[in-house]
Amino acid sequence: MEELEDAECHGVMFSPILRDKSIHFTQKMKQRGIPVVFIDSQIENADFLAYFGQPSFQSGYVGAKSLMLQVKDNQNVLLFRTLRKGFIGANQTLQRQEGFLSFLSEYRPNVSVINVELQAGNPELNELLMRQAFDERNNVGAAVIFNSTAYNIASFIEHSNIHDVVLLGYDALERNVHYLKQGQISMLIAQRPQSQSYNALKALFNFVVLKQSVNHINYMPIDLLYKENIDYYINYQPF
């Protein structure tokens, strides 16, 4: 991001992750008169021209609402996070988590949440952590992870021969789609990344070249994908 601060350009499109650095970056761009368009994640108090992406809080809320249809009150939910050294978490994943927990607090307060903190780049430790988390004494009915790495948990579920646990993940990556079709992942929330990028670039063109005003906040649909409808989603060509 530091390299972009001095780059010669007429506009910037990027997915913000770290809140403070993103705010600092947009302030620098504003001083230079360069518009910034966010995709995927929205940072409050940042000075950006437009945002294209899901409402992250509502995305987590909807995910919980769908997942909890298959979970009993006496069962527990595993909430996975992936930790990286010196990195608290991406803005959008934190907001998704807040939305998810908000639904549970409002409508399923009897469901307990077990937090599992996986370590990026440490598959041996993660294997142990997942084995402990899915222990039958935890009475797990569901699991969720708010980034695109649900395939790691799905792989563990597959080779551990675990059944009757519903898993919610994000993004229609090839590996996630594979486990969705096999049944280890029960549902995915997708966010139309191609449409985000296309519309963000179009907004920059309209603003910079055509001198037109653009909408500030542009929410994308919250797409719930199952094995029964995934092929229609990934085979659809929006442009």
# chains A, B, ... in the order shown; residues from 1 in each chain; ligands from 1
call {"tool": "residues_around", "arguments": {"residues": "A:Gln97", "least_positions_apart": "5", "cutoff": "10 Å", "atoms": "only C-alpha atoms", "output": "CSV table (one decimal) with C-alpha atoms, in the first residue's frame"}}
result
chain,number,residue,atom,x,y,z
A,56,SER,CA,-20.7,-7.8,5.8
A,57,PHE,CA,-22.7,-7.6,9.0
A,58,GLN,CA,-25.9,-8.7,7.3
A,59,SER,CA,-23.9,-11.4,5.4
A,60,GLY,CA,-23.0,-13.0,8.7
A,61,TYR,CA,-26.5,-12.5,10.1
A,63,GLY,CA,-25.5,-17.0,7.3
A,64,ALA,CA,-26.5,-17.7,10.9
A,79,LEU,CA,-16.5,-20.7,15.2
A,80,PHE,CA,-13.2,-20.9,13.4
A,81,ARG,CA,-10.8,-18.0,12.9
A,92,GLN,CA,-15.0,-7.9,6.5
A,102,SER,CA,-25.9,-11.0,16.7
A,144,VAL,CA,-18.5,-21.7,10.4
A,145,ILE,CA,-15.5,-19.8,9.1
A,146,PHE,CA,-15.8,-16.3,7.7
call {"tool": "closest_atom_pairs", "arguments": {"of": "stretch 132-199 of chain A", "to": "stretch 22-44 of chain A", "cutoff": "12 Å", "atoms": "only C-alpha atoms", "output": "tab-separated table"}}
result
residue	atom	partner	partner_atom	distance
A:Asn147	CA	A:Asp40	CA	11.7
A:Asp171	CA	A:Asp40	CA	11.3
A:Ala190	CA	A:Asp40	CA	10.9
A:Gln191	CA	A:Asp40	CA	8.0
A:Arg192	CA	A:Asp40	CA	9.5
A:Pro193	CA	A:Asp40	CA	7.6
A:Gln194	CA	A:Ile39	CA	10.4
A:Ser195	CA	A:Ile39	CA	9.9
A:Gln196	CA	A:Ile39	CA	6.2
A:Ser197	CA	A:Ile39	CA	7.0
A:Tyr198	CA	A:Ile39	CA	10.2
A:Asn199	CA	A:Ile39	CA	9.4
call {"tool": "write_last_selection", "arguments": {"atoms": "C-alpha atoms", "output": "PDB file, in the first residue's frame"}}
result
ATOM      1  CA  ASN A 147     -13.009 -16.354   5.168  1.00  0.00           C
ATOM      2  CA  ASP A 171     -16.548 -17.731  -1.517  1.00  0.00           C
ATOM      3  CA  ALA A 190     -20.648 -15.902  -2.364  1.00  0.00           C
ATOM      4  CA  GLN A 191     -20.260 -12.250  -3.277  1.00  0.00           C
ATOM      5  CA  ARG A 192     -19.869 -11.967  -7.071  1.00  0.00           C
ATOM      6  CA  PRO A 193     -16.237 -10.753  -7.183  1.00  0.00           C
ATOM      7  CA  GLN A 194     -16.316 -10.285 -10.960  1.00  0.00           C
ATOM      8  CA  SER A 195     -19.287  -7.933 -10.666  1.00  0.00           C
ATOM      9  CA  GLN A 196     -17.598  -6.037  -7.850  1.00  0.00           C
ATOM     10  CA  SER A 197     -14.476  -5.421  -9.922  1.00  0.00           C
ATOM     11  CA  TYR A 198     -16.388  -4.611 -13.109  1.00  0.00           C
ATOM     12  CA  ASN A 199     -18.656  -2.076 -11.436  1.00  0.00           C
TER      13      ASN A 199
END
call {"tool": "select_by_dssp", "arguments": {"residues": "stretch 84-210 of chain A", "states": "strand (DSSP E or B)", "output": "ChimeraX atom specification"}}
result
/A:84,87,112-119,140-145,166-170,187-190
call {"tool": "closest_residue", "arguments": {"among": "A:Phe205, A:Phe48, A:Phe103, A:Tyr179", "to": "A:Leu67", "atoms": "only C-alpha atoms"}}
result
A:Phe103
call {"tool": "closest_residue", "arguments": {"among": "A:Phe207, A:Tyr170, A:Phe134, A:Phe156", "to": "A:Val12", "atoms": "only C-alpha atoms"}}
result
A:Phe207
call {"tool": "residues_around", "arguments": {"residues": "A:Ile157", "least_positions_apart": "5", "cutoff": "8 Å", "atoms": "only C-alpha atoms", "output": "tab-separated table (two decimals) with C-alpha atoms, in the first residue's frame"}}
result
chain	number	residue	atom	x	y	z
A	162	ILE	CA	-17.53	-36.87	10.49
A	163	HIS	CA	-21.24	-36.74	9.74
A	184	GLN	CA	-18.72	-31.70	3.61
call {"tool": "closest_residue", "arguments": {"among": "A:Pro55, A:Lys211, A:Ile189, A:Ala143", "to": "A:Val113", "atoms": "only C-alpha atoms"}}
result
A:Ala143
call {"tool": "select_by_dssp", "arguments": {"residues": "stretch 26-227 of chain A", "states": "alpha helix (DSSP H)", "output": "ChimeraX atom specification"}}
result
/A:26-32,56-67,91-107,123-133,150-159,174-182,193-208
call {"tool": "closest_residue", "arguments": {"among": "A:Gln70, A:Asn110, A:Asn229, A:Asn122", "to": "A:Leu167", "atoms": "only C-alpha atoms"}}
result
A:Gln70
call {"tool": "closest_residue", "arguments": {"among": "A:Ala150, A:Leu168, A:Val214, A:Ala46", "to": "A:Phe100", "atoms": "only C-alpha atoms"}}
result
A:Leu168
call {"tool": "atom_distance", "arguments": {"atom1": "atom CA of A:Ile217", "atom2": "atom CA of A:Ala50"}}
result
5.7 Å
call {"tool": "closest_residue", "arguments": {"among": "A:Asn115, A:Asn161, A:Asn74, A:Asn215", "to": "A:Ala203", "atoms": "only C-alpha atoms"}}
result
A:Asn215
call {"tool": "residues_around", "arguments": {"residues": "A:Asn176", "least_positions_apart": "5", "cutoff": "10 Å", "atoms": "only C-alpha atoms", "output": "list in words"}}
result
Ser148, Thr149, Ala150, Tyr151, Asn152, Ala154, Ser155, Gly169, Tyr170, Asp171, Lys181, Gln182, Gln184, Ile185, Met187 and Leu188 of chain A
